Structure formats: structure tokens, C-alpha cells
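*Asks:* Dropping a structure here in C-alpha cells format, bear with me for questions.
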Protein chains: 2
Amino acid sequence: MRISEAASKSGLSIDTIRYYESSGLLPPIERGADRQRRFSTVDVEWLILLASLRDTGMPQKTMRHFAGLYRQGDGTIPERKKVLLDHADHLEQRRGALDRCADILAHKLERSDEITGGNA
Amino acid sequence: MRISEAASKSGLSIDTIRYYESSGLLPPIERGADRQRRFSTVDVEWLILLASLRDTGMPQKTMRHFAGLYRQGDGTIPERKKVLLDHADHLEQRRGALDRCADILAHKLERSDEITGGNA
DNA sequence: CTACCAACCTGGAGTTACTCCAGGTCAAGT
DNA sequence: ACTTGACCTGGAGTAACTCCAGGTTGGTAG
């Protein structure tokens with residue numbers, strides 16, 4: 001498929017996908033006779049993973065490391081696993097931040113209702 | 001209190017606090033006779049709120065809007081409330097992204113255990 | 001056949017939100 | 001008097017996009 005479809009399936013923008021390719025986050029993407037990119041379903045799965053990691057705060061540096069491990073084959077599975085486990089920990093911390101923020105917002109909203117009487 | 005204490009209480013870095021002041025996210029911070037900043041507990045509460053909004057993905061543009069409303073007094077409470085409610089919605093979406101990512105990671109980890117036999 | 005259009009391409013500039021650094025001030029301790 | 005530590009300003013550097021100008025290609029409409 002072409003880049004626009006890969007973008008809508010992964011949730012990454014077209015620009016971001018091209019940028020990710022140029023910065024080594026993607027394997028070399030095939031090109032057609034027209035020199036345009038053709039993404040396989042495997043490529044798109046990788047994009048979806050990257051999108052998910054990005055959306056939950058993984059820095060590109062870490063993603064680049066992870067992509068590098070991937071390219072080196074199954075021998076790197078233990079280290080890849082470690083990266084993913086670390087990120088899973090990170091997800092917990094993010095969840096904590098969301099909870100704390102929700103708490104603060106609830107207090108603020110309650111207080112603003114006291115002042116305006118709840119209408120408006 | 002001084003900036004280092006305000007930083008450790010709010011979770012923002014010293015540089016970020018100075019940057020936030022210069023970009024209009026903070027009210028003018030008092031200075032001592034030595035021209036150094038002195039933060040009140042109210043200032044620090046504001047910093048904590050900003051830190052929480054930032055950590056959950058609110059763009060500075062929105063924070064600047066919100067800070068502006070704050071400066072204009074109680075008449076802006078309805079609009080401020082709207083900003084906070086919108087952000088509460090946003091928190092839900094972030095939570096969804098965390099859940100989806102946790103799912104993907106769980107699958108990946110399971111698969112890597114199949115390959116390595118779970119050891120390593 | 002040619003004109004046009006949409007979707008693609010590259011290289012590079014611009015934006016957001018910090019982050020770091022050089023060079024300087026000030027109060028307090030030795 | 002001198003050093004130390006926390007602070008100051010202005011400005012450069014970085015991460016991760018995002019946008020834009022200018023050019024190519026494949027398909028369709030006249």
C-alpha cells in the first residue's frame with residue numbers, strides 16, 4: 001500500500017512516517033517503478049507499534065535502539081524484552097500522572113462550582 | 001521560598017520555571033532585594049497545576065490561554081471550567097492509549113517468551 | 001495527444017517546548 | 001579578602017515533529 005494508507009492505518013502522519021524512515025526507525029521501505037514507497041503489512045504493523053510507543057512517551061532514541069536490535073535478529077530478543085518491560089513500567093507511571101491530574105481537575109471543578117453556584 | 005525549592009515542590013526544573021515565567025505562564029514572581037525570585041505558596045500551587053497539565057499533555061498554548069483567563073478574575077470561571085473539562089476528556093484518551101500500548105506490549109512479550117522459552 | 005489533477009517525492013526552513021551554557025551578581029562562611 | 005553556592009540574564013542547542021517550495025508521475029477528461 002502507499003504512504004497515505006499506511007498513515008491512516010498507523011495513526012502516524014505522512015510527514016512523520018517519512019521522517020521516521022530517514023532517521024532509521026523503519027527498515028528500508030520498498031519503492032515501486034515510480035520511486036514511490038510501497039508498505040507491506042509487516043511495515044504497517046511496525047508503524048503501529050512505533051505509534052503506540054510514541055503516544056505513550058517513548059523517546060525516539062529508545063525507539064531507534066529498539067529498531068536496531070530488531071534488525072540484528074532473534075539473538076537480541078532478551079534485550080528487546082527488557083526495553084519493552086521498562087516501557088511497561090513507564091506506562092504505570094504515566095497512569096499515575098493521569099490519576100493525579102484527574103484528581104486535581106476534580107478539585108478545581110468542584111471549587112469553581114462553589115463560586116458560580118454550579119450554573120455556567 | 002527560592003526557585004530551587006519551588007522546583008523540587010512542583011516537579012518542574014529550575015530552567016522550565018524561568019522559561020514559564022518568561023513566556024507568560026506565571027504571574028509576575030516577586031523578587032527580593034537581591035533581585036532573586038521569591039515564590040509564595042500560591043505560586044507553587046500554580047506551578048504544581050501547570051506541571052500536572054504539562055505531564056498529561058496539555059500544550060503551552062492552552063496553558064497560556066488558561067493563565068490569561070485566571071488573570072482576568074472570577075468572570076472567566078465558566079471558560080476556565082471548559083478548558084479543564086476538555087482536558088479531563090483528553091485524560092481519558094490518554095488512558096486509552098496507555099491501555100492499548102499495554103496490550104500490545106503484553107502480546108509482544110508473550111511472543112518473545114515463546115521464542116526464547118521464557119528464560120532470558 | 002495533451003492538459004490537468006491528485007498523490008507522491010526531496011531538501012530545507014520553521015515550530016514547540018524545553019535544556020544547557022557562558023559570563024556575571026550577591027550573601028555567607030573561612 | 002577570598003572562595004563557594006545559589007541565583008541571574010541572554011542566547012545557543014536539541015528533540016520531534018510540521019510545513020513548504022518546487023519537481024515527478026499515473027490516470028483521466030477534453
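Labeling convention for the C-alpha cells: chains A, B, ... as they appear, residues from 1 per chain, ligands from 1 in order of appearance.
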Find the residues near DT28 in chain D: any atom within 12 Å, counting only C-alpha atoms (C1' of nucleotides), skip ones fewer than 3 places away on the same chain, and give them as a PyMOL selection string.
*Replies:* chain C and resi 2-6
*Asks:* Identify, on the basis of only C-alpha atoms (C1' of nucleotides), every residue whose closest approach to Arg95 in chain B does not exceed 9 Å; exclude the query and any residue fewer than 5 positions from it along the same chain; express the result as a list in words.
*Replies:*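 In the requested format, the answer is Arg94, Arg95 and Leu98 of chain A; His90 and Arg100 of chain B.
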*Asks:* Least-squares superpose chain A on chain B across all ordered C-alpha pairs, then write out what you get as a tab-separated table (two decimals) with N, CA, C and O atoms, in the first residue's frame.
*Replies:*
```
chain	number	residue	atom	x	y	z
A	1	MET	N	9.80	31.24	49.21
A	1	MET	CA	10.90	30.29	48.99
A	1	MET	C	11.60	30.60	47.68
A	1	MET	O	11.07	31.32	46.84
A	2	ARG	N	12.81	30.03	47.52
A	2	ARG	CA	13.56	30.32	46.30
A	2	ARG	C	13.29	29.30	45.19
A	2	ARG	O	12.59	28.30	45.40
A	3	ILE	N	13.88	29.53	44.06
A	3	ILE	CA	13.49	28.75	42.88
A	3	ILE	C	13.78	27.26	43.00
A	3	ILE	O	13.01	26.43	42.51
A	4	SER	N	14.87	26.92	43.67
A	4	SER	CA	15.21	25.49	43.76
A	4	SER	C	14.15	24.73	44.55
A	4	SER	O	13.78	23.61	44.19
A	5	GLU	N	13.64	25.38	45.59
A	5	GLU	CA	12.61	24.73	46.40
A	5	GLU	C	11.29	24.65	45.61
A	5	GLU	O	10.61	23.62	45.63
A	6	ALA	N	10.98	25.71	44.89
A	6	ALA	CA	9.77	25.71	44.06
A	6	ALA	C	9.86	24.60	43.02
A	6	ALA	O	8.87	23.93	42.71
A	7	ALA	N	11.07	24.39	42.51
A	7	ALA	CA	11.28	23.34	41.51
A	7	ALA	C	11.05	21.97	42.12
A	7	ALA	O	10.31	21.15	41.56
A	8	SER	N	11.64	21.72	43.28
A	8	SER	CA	11.50	20.37	43.84
A	8	SER	C	10.08	20.13	44.33
A	8	SER	O	9.59	19.00	44.27
A	9	LYS	N	9.37	21.19	44.73
A	9	LYS	CA	7.99	20.99	45.18
A	9	LYS	C	7.02	20.78	44.02
A	9	LYS	O	6.01	20.12	44.16
A	10	SER	N	7.34	21.38	42.87
A	10	SER	CA	6.40	21.31	41.75
A	10	SER	C	6.74	20.19	40.77
A	10	SER	O	5.89	19.72	40.02
A	11	GLY	N	7.99	19.76	40.78
A	11	GLY	CA	8.38	18.75	39.79
A	11	GLY	C	8.84	19.36	38.48
A	11	GLY	O	9.22	18.65	37.56
A	12	LEU	N	8.79	20.70	38.38
A	12	LEU	CA	9.32	21.37	37.18
A	12	LEU	C	10.81	21.66	37.42
A	12	LEU	O	11.24	21.84	38.56
A	13	SER	N	11.60	21.72	36.36
A	13	SER	CA	13.00	22.07	36.53
A	13	SER	C	13.13	23.58	36.71
A	13	SER	O	12.22	24.35	36.35
A	14	ILE	N	14.26	24.00	37.27
A	14	ILE	CA	14.52	25.43	37.46
A	14	ILE	C	14.44	26.15	36.12
A	14	ILE	O	13.79	27.20	36.01
A	15	ASP	N	15.07	25.59	35.12
A	15	ASP	CA	15.04	26.19	33.79
A	15	ASP	C	13.62	26.33	33.27
A	15	ASP	O	13.26	27.34	32.67
A	16	THR	N	12.83	25.29	33.47
A	16	THR	CA	11.45	25.32	32.98
A	16	THR	C	10.65	26.40	33.69
A	16	THR	O	9.88	27.13	33.05
A	17	ILE	N	10.85	26.55	34.99
A	17	ILE	CA	10.13	27.59	35.72
A	17	ILE	C	10.49	28.97	35.18
A	17	ILE	O	9.61	29.79	34.90
A	18	ARG	N	11.78	29.21	34.98
A	18	ARG	CA	12.18	30.53	34.45
A	18	ARG	C	11.59	30.73	33.05
A	18	ARG	O	11.13	31.83	32.71
A	19	TYR	N	11.64	29.66	32.27
A	19	TYR	CA	11.07	29.72	30.92
A	19	TYR	C	9.57	30.00	30.97
A	19	TYR	O	9.05	30.81	30.20
A	20	TYR	N	8.86	29.35	31.88
A	20	TYR	CA	7.42	29.55	32.01
A	20	TYR	C	7.12	30.99	32.42
A	20	TYR	O	6.17	31.59	31.95
A	21	GLU	N	7.96	31.53	33.29
A	21	GLU	CA	7.72	32.92	33.69
A	21	GLU	C	7.89	33.84	32.47
A	21	GLU	O	7.06	34.71	32.21
A	22	SER	N	8.96	33.60	31.72
A	22	SER	CA	9.24	34.48	30.59
A	22	SER	C	8.21	34.34	29.47
A	22	SER	O	8.06	35.23	28.65
A	23	SER	N	7.51	33.22	29.44
A	23	SER	CA	6.54	33.06	28.35
A	23	SER	C	5.11	33.28	28.82
A	23	SER	O	4.16	32.88	28.14
A	24	GLY	N	4.95	33.89	29.98
A	24	GLY	CA	3.62	34.32	30.39
A	24	GLY	C	2.73	33.26	31.01
A	24	GLY	O	1.52	33.42	31.08
A	25	LEU	N	3.34	32.17	31.48
A	25	LEU	CA	2.53	31.14	32.12
A	25	LEU	C	2.40	31.38	33.62
A	25	LEU	O	1.55	30.79	34.27
A	26	LEU	N	3.26	32.25	34.14
A	26	LEU	CA	3.22	32.53	35.57
A	26	LEU	C	2.86	34.00	35.78
A	26	LEU	O	3.14	34.85	34.94
A	27	PRO	N	2.23	34.29	36.93
A	27	PRO	CA	2.07	35.70	37.30
A	27	PRO	C	3.47	36.23	37.58
A	27	PRO	O	4.40	35.46	37.78
A	28	PRO	N	3.65	37.58	37.62
A	28	PRO	CA	4.97	38.12	37.91
A	28	PRO	C	5.41	37.62	39.28
A	28	PRO	O	4.67	37.76	40.25
A	29	ILE	N	6.59	36.99	39.33
A	29	ILE	CA	7.08	36.45	40.60
A	29	ILE	C	7.83	37.56	41.35
A	29	ILE	O	8.63	38.27	40.75
A	30	GLU	N	7.56	37.68	42.63
A	30	GLU	CA	8.25	38.69	43.46
A	30	GLU	C	9.75	38.47	43.47
A	30	GLU	O	10.20	37.34	43.31
A	31	ARG	N	10.49	39.56	43.67
A	31	ARG	CA	11.93	39.45	43.80
A	31	ARG	C	12.35	40.01	45.15
A	31	ARG	O	11.76	40.98	45.63
A	32	GLY	N	13.42	39.45	45.72
A	32	GLY	CA	13.98	39.99	46.95
A	32	GLY	C	14.90	41.17	46.64
A	32	GLY	O	15.05	41.57	45.48
A	33	ALA	N	15.50	41.75	47.69
A	33	ALA	CA	16.42	42.87	47.52
A	33	ALA	C	17.61	42.45	46.66
A	33	ALA	O	18.25	43.28	46.01
A	34	ASP	N	17.87	41.15	46.65
A	34	ASP	CA	18.97	40.59	45.85
A	34	ASP	C	18.56	40.32	44.40
A	34	ASP	O	19.30	39.70	43.65
A	35	ARG	N	17.35	40.71	44.03
A	35	ARG	CA	16.81	40.51	42.68
A	35	ARG	C	16.52	39.04	42.34
A	35	ARG	O	16.26	38.71	41.17
A	36	GLN	N	16.56	38.21	43.34
A	36	GLN	CA	16.25	36.80	43.07
A	36	GLN	C	14.77	36.53	43.35
A	36	GLN	O	14.14	37.20	44.17
A	37	ARG	N	14.25	35.51	42.66
A	37	ARG	CA	12.82	35.22	42.78
A	37	ARG	C	12.45	34.66	44.15
A	37	ARG	O	13.19	33.86	44.71
A	38	ARG	N	11.28	35.07	44.65
A	38	ARG	CA	10.73	34.51	45.89
A	38	ARG	C	9.32	34.02	45.59
A	38	ARG	O	8.44	34.82	45.25
A	39	PHE	N	9.11	32.71	45.70
A	39	PHE	CA	7.82	32.11	45.37
A	39	PHE	C	6.94	31.98	46.61
A	39	PHE	O	7.41	31.53	47.66
A	40	SER	N	5.67	32.37	46.47
A	40	SER	CA	4.71	32.18	47.56
A	40	SER	C	4.11	30.77	47.42
A	40	SER	O	4.29	30.11	46.40
A	41	THR	N	3.38	30.34	48.44
A	41	THR	CA	2.76	29.01	48.36
A	41	THR	C	1.71	28.99	47.24
A	41	THR	O	1.50	27.95	46.61
A	42	VAL	N	1.08	30.14	47.00
A	42	VAL	CA	0.11	30.22	45.90
A	42	VAL	C	0.82	30.01	44.56
A	42	VAL	O	0.33	29.30	43.69
A	43	ASP	N	2.00	30.65	44.42
A	43	ASP	CA	2.78	30.45	43.19
A	43	ASP	C	3.08	28.97	42.99
A	43	ASP	O	2.96	28.44	41.88
A	44	VAL	N	3.48	28.31	44.07
A	44	VAL	CA	3.86	26.90	43.97
A	44	VAL	C	2.65	26.03	43.62
A	44	VAL	O	2.77	25.09	42.82
A	45	GLU	N	1.50	26.37	44.16
A	45	GLU	CA	0.30	25.61	43.79
A	45	GLU	C	0.02	25.74	42.29
A	45	GLU	O	-0.37	24.77	41.64
A	46	TRP	N	0.24	26.93	41.79
A	46	TRP	CA	0.05	27.15	40.36
A	46	TRP	C	1.06	26.32	39.56
A	46	TRP	O	0.72	25.69	38.55
A	47	LEU	N	2.30	26.31	40.03
A	47	LEU	CA	3.33	25.51	39.36
A	47	LEU	C	2.95	24.02	39.36
A	47	LEU	O	3.15	23.33	38.34
A	48	ILE	N	2.41	23.57	40.48
A	48	ILE	CA	2.01	22.15	40.57
A	48	ILE	C	0.90	21.85	39.56
A	48	ILE	O	0.93	20.83	38.87
A	49	LEU	N	-0.05	22.76	39.46
A	49	LEU	CA	-1.12	22.58	38.47
A	49	LEU	C	-0.53	22.54	37.06
A	49	LEU	O	-0.83	21.64	36.27
A	50	LEU	N	0.33	23.50	36.75
A	50	LEU	CA	0.94	23.53	35.41
A	50	LEU	C	1.71	22.24	35.14
A	50	LEU	O	1.63	21.66	34.05
A	51	ALA	N	2.46	21.77	36.13
A	51	ALA	CA	3.25	20.55	35.96
A	51	ALA	C	2.32	19.39	35.63
A	51	ALA	O	2.61	18.57	34.74
A	52	SER	N	1.21	19.34	36.33
A	52	SER	CA	0.27	18.24	36.13
A	52	SER	C	-0.37	18.30	34.74
A	52	SER	O	-0.51	17.28	34.06
A	53	LEU	N	-0.71	19.51	34.32
A	53	LEU	CA	-1.30	19.67	32.98
A	53	LEU	C	-0.28	19.33	31.91
A	53	LEU	O	-0.57	18.63	30.93
A	54	ARG	N	0.94	19.83	32.10
A	54	ARG	CA	2.00	19.52	31.15
A	54	ARG	C	2.25	18.03	31.04
A	54	ARG	O	2.32	17.47	29.94
A	55	ASP	N	2.38	17.38	32.21
A	55	ASP	CA	2.71	15.95	32.23
A	55	ASP	C	1.63	15.10	31.58
A	55	ASP	O	1.87	13.95	31.22
A	56	THR	N	0.44	15.66	31.45
A	56	THR	CA	-0.63	14.90	30.82
A	56	THR	C	-0.94	15.45	29.44
A	56	THR	O	-2.00	15.18	28.88
A	57	GLY	N	0.01	16.22	28.91
A	57	GLY	CA	-0.06	16.57	27.49
A	57	GLY	C	-0.75	17.86	27.10
A	57	GLY	O	-1.03	18.05	25.91
A	58	MET	N	-1.03	18.76	28.04
A	58	MET	CA	-1.64	20.01	27.60
A	58	MET	C	-0.58	20.90	26.94
A	58	MET	O	0.48	21.11	27.51
A	59	PRO	N	-0.86	21.40	25.73
A	59	PRO	CA	0.11	22.28	25.08
A	59	PRO	C	0.22	23.62	25.81
A	59	PRO	O	-0.74	24.08	26.44
A	60	GLN	N	1.38	24.24	25.71
A	60	GLN	CA	1.61	25.52	26.37
A	60	GLN	C	0.64	26.59	25.91
A	60	GLN	O	0.25	27.46	26.66
A	61	LYS	N	0.26	26.50	24.64
A	61	LYS	CA	-0.69	27.47	24.10
A	61	LYS	C	-1.97	27.47	24.92
A	61	LYS	O	-2.48	28.53	25.29
A	62	THR	N	-2.46	26.28	25.22
A	62	THR	CA	-3.67	26.15	26.02
A	62	THR	C	-3.43	26.64	27.44
A	62	THR	O	-4.26	27.34	28.03
A	63	MET	N	-2.25	26.29	27.98
A	63	MET	CA	-1.93	26.73	29.34
A	63	MET	C	-1.85	28.25	29.40
A	63	MET	O	-2.28	28.87	30.38
A	64	ARG	N	-1.31	28.85	28.34
A	64	ARG	CA	-1.19	30.30	28.32
A	64	ARG	C	-2.58	30.95	28.30
A	64	ARG	O	-2.84	31.94	28.97
A	65	HIS	N	-3.47	30.35	27.50
A	65	HIS	CA	-4.86	30.81	27.45
A	65	HIS	C	-5.49	30.74	28.83
A	65	HIS	O	-6.09	31.71	29.32
A	66	PHE	N	-5.29	29.60	29.48
A	66	PHE	CA	-5.86	29.37	30.81
A	66	PHE	C	-5.30	30.37	31.82
A	66	PHE	O	-6.04	30.96	32.62
A	67	ALA	N	-3.98	30.60	31.75
A	67	ALA	CA	-3.33	31.55	32.66
A	67	ALA	C	-3.90	32.95	32.44
A	67	ALA	O	-4.13	33.70	33.39
A	68	GLY	N	-4.16	33.28	31.19
A	68	GLY	CA	-4.72	34.58	30.85
A	68	GLY	C	-6.11	34.74	31.47
A	68	GLY	O	-6.42	35.80	32.04
A	69	LEU	N	-6.91	33.71	31.39
A	69	LEU	CA	-8.25	33.74	31.98
A	69	LEU	C	-8.15	33.97	33.49
A	69	LEU	O	-8.91	34.76	34.06
A	70	TYR	N	-7.23	33.24	34.09
A	70	TYR	CA	-7.02	33.37	35.53
A	70	TYR	C	-6.76	34.81	35.93
A	70	TYR	O	-7.33	35.33	36.88
A	71	ARG	N	-5.89	35.44	35.16
A	71	ARG	CA	-5.53	36.82	35.49
A	71	ARG	C	-6.71	37.78	35.37
A	71	ARG	O	-6.68	38.87	35.94
A	72	GLN	N	-7.72	37.37	34.59
A	72	GLN	CA	-8.85	38.27	34.39
A	72	GLN	C	-9.95	38.13	35.44
A	72	GLN	O	-11.00	38.76	35.33
A	73	GLY	N	-9.73	37.28	36.44
A	73	GLY	CA	-10.67	37.23	37.55
A	73	GLY	C	-11.79	36.21	37.42
A	73	GLY	O	-11.84	35.43	36.45
A	74	ASP	N	-12.72	36.27	38.38
A	74	ASP	CA	-13.74	35.24	38.51
A	74	ASP	C	-14.72	35.18	37.34
A	74	ASP	O	-15.37	34.17	37.12
A	75	GLY	N	-14.83	36.28	36.60
A	75	GLY	CA	-15.74	36.28	35.47
A	75	GLY	C	-15.41	35.22	34.42
A	75	GLY	O	-16.26	34.81	33.64
A	76	THR	N	-14.17	34.77	34.45
A	76	THR	CA	-13.75	33.79	33.43
A	76	THR	C	-13.89	32.35	33.92
A	76	THR	O	-13.47	31.42	33.23
A	77	ILE	N	-14.47	32.18	35.09
A	77	ILE	CA	-14.57	30.81	35.63
A	77	ILE	C	-15.29	29.85	34.69
A	77	ILE	O	-14.82	28.73	34.47
A	78	PRO	N	-16.40	30.26	34.07
A	78	PRO	CA	-17.05	29.31	33.14
A	78	PRO	C	-16.11	28.86	32.02
A	78	PRO	O	-16.08	27.66	31.70
A	79	GLU	N	-15.35	29.78	31.47
A	79	GLU	CA	-14.46	29.37	30.37
A	79	GLU	C	-13.30	28.52	30.89
A	79	GLU	O	-12.89	27.56	30.24
A	80	ARG	N	-12.80	28.88	32.06
A	80	ARG	CA	-11.74	28.07	32.66
A	80	ARG	C	-12.24	26.65	32.89
A	80	ARG	O	-11.53	25.67	32.67
A	81	LYS	N	-13.49	26.58	33.35
A	81	LYS	CA	-14.09	25.28	33.61
A	81	LYS	C	-14.12	24.44	32.33
A	81	LYS	O	-13.82	23.25	32.34
A	82	LYS	N	-14.45	25.12	31.24
A	82	LYS	CA	-14.51	24.41	29.96
A	82	LYS	C	-13.13	23.85	29.59
A	82	LYS	O	-13.00	22.70	29.15
A	83	VAL	N	-12.09	24.66	29.78
A	83	VAL	CA	-10.74	24.21	29.47
A	83	VAL	C	-10.42	22.95	30.28
A	83	VAL	O	-9.88	21.96	29.75
A	84	LEU	N	-10.76	22.99	31.56
A	84	LEU	CA	-10.44	21.85	32.43
A	84	LEU	C	-11.26	20.62	32.06
A	84	LEU	O	-10.75	19.49	32.05
A	85	LEU	N	-12.52	20.84	31.71
A	85	LEU	CA	-13.36	19.70	31.30
A	85	LEU	C	-12.82	19.09	30.01
A	85	LEU	O	-12.78	17.86	29.86
A	86	ASP	N	-12.42	19.94	29.08
A	86	ASP	CA	-11.83	19.43	27.84
A	86	ASP	C	-10.59	18.60	28.15
A	86	ASP	O	-10.36	17.55	27.54
A	87	HIS	N	-9.80	19.11	29.10
A	87	HIS	CA	-8.59	18.36	29.42
A	87	HIS	C	-8.93	17.04	30.11
A	87	HIS	O	-8.25	16.03	29.89
A	88	ALA	N	-9.98	17.04	30.90
A	88	ALA	CA	-10.40	15.78	31.53
A	88	ALA	C	-10.76	14.75	30.45
A	88	ALA	O	-10.42	13.56	30.57
A	89	ASP	N	-11.41	15.21	29.38
A	89	ASP	CA	-11.70	14.31	28.25
A	89	ASP	C	-10.41	13.77	27.67
A	89	ASP	O	-10.29	12.58	27.35
A	90	HIS	N	-9.49	14.68	27.51
A	90	HIS	CA	-8.20	14.33	26.96
A	90	HIS	C	-7.51	13.25	27.80
A	90	HIS	O	-6.87	12.34	27.27
A	91	LEU	N	-7.66	13.35	29.12
A	91	LEU	CA	-7.08	12.34	30.01
A	91	LEU	C	-7.62	10.95	29.69
A	91	LEU	O	-6.88	9.97	29.68
A	92	GLU	N	-8.92	10.90	29.39
A	92	GLU	CA	-9.53	9.62	29.04
A	92	GLU	C	-8.87	9.03	27.80
A	92	GLU	O	-8.59	7.83	27.72
A	93	GLN	N	-8.62	9.90	26.81
A	93	GLN	CA	-8.01	9.41	25.58
A	93	GLN	C	-6.60	8.90	25.84
A	93	GLN	O	-6.18	7.89	25.27
A	94	ARG	N	-5.89	9.60	26.69
A	94	ARG	CA	-4.53	9.17	27.04
A	94	ARG	C	-4.57	7.80	27.72
A	94	ARG	O	-3.72	6.95	27.49
A	95	ARG	N	-5.57	7.66	28.57
A	95	ARG	CA	-5.70	6.39	29.27
A	95	ARG	C	-5.93	5.27	28.25
A	95	ARG	O	-5.35	4.18	28.37
A	96	GLY	N	-6.74	5.57	27.25
A	96	GLY	CA	-6.98	4.59	26.18
A	96	GLY	C	-5.68	4.22	25.48
A	96	GLY	O	-5.42	3.04	25.20
A	97	ALA	N	-4.85	5.22	25.19
A	97	ALA	CA	-3.58	4.96	24.52
A	97	ALA	C	-2.68	4.10	25.39
A	97	ALA	O	-2.01	3.17	24.89
A	98	LEU	N	-2.67	4.37	26.68
A	98	LEU	CA	-1.87	3.55	27.61
A	98	LEU	C	-2.37	2.10	27.60
A	98	LEU	O	-1.56	1.16	27.53
A	99	ASP	N	-3.68	1.95	27.64
A	99	ASP	CA	-4.25	0.60	27.64
A	99	ASP	C	-3.88	-0.15	26.37
A	99	ASP	O	-3.46	-1.31	26.42
A	100	ARG	N	-4.03	0.51	25.25
A	100	ARG	CA	-3.72	-0.16	23.98
A	100	ARG	C	-2.25	-0.53	23.93
A	100	ARG	O	-1.88	-1.62	23.47
A	101	CYS	N	-1.39	0.37	24.39
A	101	CYS	CA	0.03	0.08	24.37
A	101	CYS	C	0.36	-1.08	25.30
A	101	CYS	O	1.13	-1.97	24.94
A	102	ALA	N	-0.25	-1.08	26.48
A	102	ALA	CA	0.00	-2.18	27.43
A	102	ALA	C	-0.39	-3.52	26.79
A	102	ALA	O	0.31	-4.52	26.95
A	103	ASP	N	-1.49	-3.49	26.05
A	103	ASP	CA	-1.95	-4.68	25.34
A	103	ASP	C	-0.92	-5.17	24.34
A	103	ASP	O	-0.57	-6.35	24.29
A	104	ILE	N	-0.46	-4.24	23.51
A	104	ILE	CA	0.53	-4.59	22.49
A	104	ILE	C	1.79	-5.14	23.14
A	104	ILE	O	2.34	-6.16	22.72
A	105	LEU	N	2.24	-4.47	24.21
A	105	LEU	CA	3.45	-4.93	24.90
A	105	LEU	C	3.25	-6.34	25.47
A	105	LEU	O	4.13	-7.19	25.35
A	106	ALA	N	2.07	-6.58	26.04
A	106	ALA	CA	1.81	-7.91	26.60
A	106	ALA	C	1.90	-8.98	25.52
A	106	ALA	O	2.52	-10.02	25.72
A	107	HIS	N	1.32	-8.69	24.35
A	107	HIS	CA	1.41	-9.65	23.24
A	107	HIS	C	2.84	-9.88	22.81
A	107	HIS	O	3.27	-11.01	22.61
A	108	LYS	N	3.58	-8.78	22.64
A	108	LYS	CA	4.98	-8.87	22.20
A	108	LYS	C	5.78	-9.70	23.20
A	108	LYS	O	6.61	-10.52	22.82
A	109	LEU	N	5.57	-9.44	24.47
A	109	LEU	CA	6.35	-10.12	25.50
A	109	LEU	C	6.02	-11.60	25.54
A	109	LEU	O	6.92	-12.44	25.70
A	110	GLU	N	4.75	-11.90	25.33
A	110	GLU	CA	4.33	-13.30	25.29
A	110	GLU	C	5.02	-14.02	24.13
A	110	GLU	O	5.58	-15.10	24.28
A	111	ARG	N	5.00	-13.35	22.98
A	111	ARG	CA	5.62	-13.94	21.79
A	111	ARG	C	7.14	-14.13	21.99
A	111	ARG	O	7.71	-15.12	21.55
A	112	SER	N	7.79	-13.16	22.66
A	112	SER	CA	9.23	-13.30	22.83
A	112	SER	C	9.54	-14.43	23.81
A	112	SER	O	10.55	-15.11	23.69
A	113	ASP	N	8.61	-14.66	24.74
A	113	ASP	CA	8.79	-15.78	25.65
A	113	ASP	C	8.66	-17.11	24.93
A	113	ASP	O	9.38	-18.07	25.23
A	114	GLU	N	7.76	-17.16	23.94
A	114	GLU	CA	7.63	-18.39	23.15
A	114	GLU	C	8.95	-18.73	22.47
A	114	GLU	O	9.37	-19.88	22.45
A	115	ILE	N	9.59	-17.71	21.92
A	115	ILE	CA	10.82	-17.95	21.16
A	115	ILE	C	12.00	-18.33	22.05
A	115	ILE	O	12.73	-19.27	21.77
A	116	THR	N	12.15	-17.59	23.16
A	116	THR	CA	13.32	-17.87	24.01
A	116	THR	C	13.01	-18.93	25.07
A	116	THR	O	13.89	-19.30	25.83
A	117	GLY	N	11.78	-19.40	25.12
A	117	GLY	CA	11.41	-20.38	26.13
A	117	GLY	C	11.18	-19.74	27.49
A	117	GLY	O	11.10	-20.43	28.50
A	118	GLY	N	11.09	-18.44	27.49
A	118	GLY	CA	10.78	-17.75	28.74
A	118	GLY	C	11.98	-17.46	29.61
A	118	GLY	O	11.90	-16.69	30.56
A	119	ASN	N	13.13	-18.09	29.35
A	119	ASN	CA	14.32	-17.78	30.15
A	119	ASN	C	15.18	-16.79	29.38
A	119	ASN	O	15.69	-17.12	28.32
A	120	ALA	N	15.41	-15.70	29.97
A	120	ALA	CA	16.18	-14.63	29.32
A	120	ALA	C	15.22	-13.69	28.69
A	120	ALA	O	15.45	-12.72	28.14
```
*Asks:* Using only C-alpha atoms (C1' of nucleotides), find which residues of chain D lie within 10 Å of chain B and jot them down as JSON, numbers by chain.
*Replies:* {"D": [6, 7, 8]}
*Asks:* Suppose you want the space between C1' of DG10 in chain D and C1' of DG14 in chain C; what is it in Å?
*Replies:* 21.6 Å
*Asks:* Can you pull out the residues contacting DG11 in chain D? Cut-off 12 Å, using only C-alpha atoms (C1' of nucleotides), and skip same-chain residues under 6 positions away; I want them as JSON, numbers by chain.
*Replies:* {"C": [20, 21, 22, 23]}
*Asks:* Measuring between only C-alpha atoms (C1' of nucleotides), which one of C:DC18, C:DG24, C:DC8, C:DT30 shows the shortest distance to chain B?
*Replies:*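 For chain B, the nearest of the candidates is C:DC18.
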*Asks:* Apply DSSP to the structure's backbone, then extract all residues of chain A labelled strand (DSSP E) and return them as a VMD selection string.
*Replies:* chain A and resid 30 to 31 37 to 38
*Asks:* Considering only C-alpha atoms (C1' of nucleotides), extract the chain C residues located within 12 Å of chain A and return them as number ranges by chain.
*Replies:* C: 7-10
*Asks:* Hey, can you check how far C1' of DT19 in chain C sits from C1' of DG5 in chain D?
*Replies:*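 Computed distance, C1' of DT19 in chain C to C1' of DG5 in chain D, equals 21.1 Å.
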*Asks:* So the first atom is C1' of DT18 in chain D and the second is C1' of DG12 in chain C; what is the distance between them in Å, to one decimal place?
*Replies:*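 That distance, rounded to one decimal, is 12.3 Å.
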*Asks:* Let's see if you can do this: from backbone DSSP, list all helix (DSSP H, G or I) residues in chain B, as a VMD selection string.
*Replies:* chain B and resid 3 to 10 14 to 22 41 to 55 60 to 71 74 to 116
